[in-house]
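Presented below is the structure to which this report refers.
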Amino acid sequence: MSRRLKLIVAYDGAPFAGWQSQSHSNTVQDHLERALERVTGRVARVHGAGRTDAGVHALAQCVHVDVLKPLPTDHWIKALNALLPSAIRVLRCRYVSQDFHARLSAKGKIYRYRIWSGPVLPPFEYRRAWHIARPLDLKVMKAAAKHFVGTHDFAGFAANRGKAENSTIRTIYSVRIRQKAACIRIDFYGDGFLYKMVRLIVGALVKCALGKMRTEDVVAQLESGQLGPARFAAPAEGLFLIRVRY
């Protein structure tokens, strides 16, 4: 009889083509499934809480998988990490009920976007932050960010993944913007996020902070749900999935 295993996984997204399995097999899901197959001797299907894009990182992606091999949880961690690339690590795992689903049971997610606003990007921030070598007006950025909080139709801040979404309505509970030295962190907490939604919002916030876009234009785009000609998605390397809440 199978048991359901819940894994908390961290990864550096730079070497991989995102989370979701693809034909070239260089995704986080592909590597996890291959490692599980080697441990169990069976084909394993991993279900993630969300699909991070190519280059996007995760501090705590949540996944579940059904297994027949009743190993102790610490054995799963050691065995999988011994087989996974060094840029992917299983941090924690435990057995859960069959009712648990990594994606469908999720109540909310926290994403963080990091910007390095300074003349020189330190080498250890490479592929960890969007480098903007100009000062950003944080007051303007925070004022624009307030308009995204609440329940909205975010069609104007979503990209086409190739198939239509059942709904483009999402709720953002909070947007927090903080700066320490040259590093700006933008934390988004919401019930769910559309394809490239966070990166498109950050792109709009940065345009406002640089005086290239008015807050009124951001509000109009949000309210109209229209894609608009001036949309810009912030680079993937600055985005981190921080936590999935259940």
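Please note that chains go A, B, ... in the order of the structure tokens, that every chain numbers its residues from 1, and that ligands are numbered from 1 in the order shown.
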Quiz prompt | Thr52 (chain A) environment, 10 Å, only C-alpha atoms, sequence neighbours closer than 4 positions dropped, as a PyMOL selection string | solution = chain A and resi 13+17-20+28+48+56-58+61+195-196+236+239-241
Quiz item: Among region 11-246 of chain A, which residues carry a DSSP assignment of helix (DSSP H, G or I), reported as JSON, numbers by chain?
Solution: {"A": [28, 29, 30, 31, 32, 33, 34, 35, 36, 37, 38, 39, 40, 73, 74, 75, 76, 77, 78, 79, 80, 81, 82, 83, 123, 124, 125, 138, 139, 140, 141, 142, 143, 144, 145, 146, 147, 148, 155, 156, 157, 197, 198, 199, 200, 201, 202, 203, 204, 205, 206, 207, 208, 209, 215, 216, 217, 218, 219, 220, 221, 222, 223, 224, 236, 237, 238]}
Self-check item: All residues 6 Å or closer to region 117-120 of chain A, only C-alpha atoms, same chain fewer than 3 positions away omitted, as a list in words
Solution: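 That gives Ile132, Ala133 and Ala182 of chain A.
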Identify, on the basis of only C-alpha atoms, every residue whose closest approach to Pro15 (chain A) does not exceed 8 Å; exclude the query and any residue fewer than 3 positions from it along the same chain; express the result as a PDB file with C-alpha atoms, in the first residue's frame.
ATOM      1  CA  ASP A  12      19.057  27.297  -7.239  1.00  0.00           C
ATOM      2  CA  GLY A  55      15.998  30.690 -13.506  1.00  0.00           C
ATOM      3  CA  ALA A  87      21.794  22.828  -6.759  1.00  0.00           C
TER       4      ALA A  87
END
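Note that the spacing between CA of Cys183 (chain A) and CA of Ala159 (chain A) amounts to 26.9 Å.
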Practice problem: Have a look at A:Leu68, A:Ala204, A:Ala35, A:Leu91 and name the one nearest to Ala10 (chain A); count only C-alpha atoms. | Solution: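 Closest to Ala10 (chain A) of all the choices is A:Leu91.
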Self-check item: Residue contacts of Gly50 (chain A) (10 Å, only C-alpha atoms) excluding same-chain residues fewer than 5 positions away, as a PyMOL selection string
Solution: chain A and resi 19-20+61-63+102-104+106+109+192-193+241+244
Quiz item: What is the distance between CA of Arg45 (chain A) and CA of Arg112 (chain A), in Å to one decimal?
Solution: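 Answer for the CA of Arg45 (chain A) to CA of Arg112 (chain A) separation: 27.7 Å.
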Quiz item: Hey, which of A:Lys212, A:Lys207, A:Lys69, A:Arg114 ends up closest to Thr40 (chain A)? Count only C-alpha atoms.
Solution: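 Of A:Lys212, A:Lys207, A:Lys69, A:Arg114, the one nearest Thr40 (chain A), counting only C-alpha atoms, is A:Lys69.
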Quiz item: Residues at most 7 Å from region 138-147 of chain A, counting only C-alpha atoms, excluding those fewer than 4 positions away in the same chain, as a PyMOL selection string?
Solution: chain A and resi 175+177+205-206+208-209+215+219
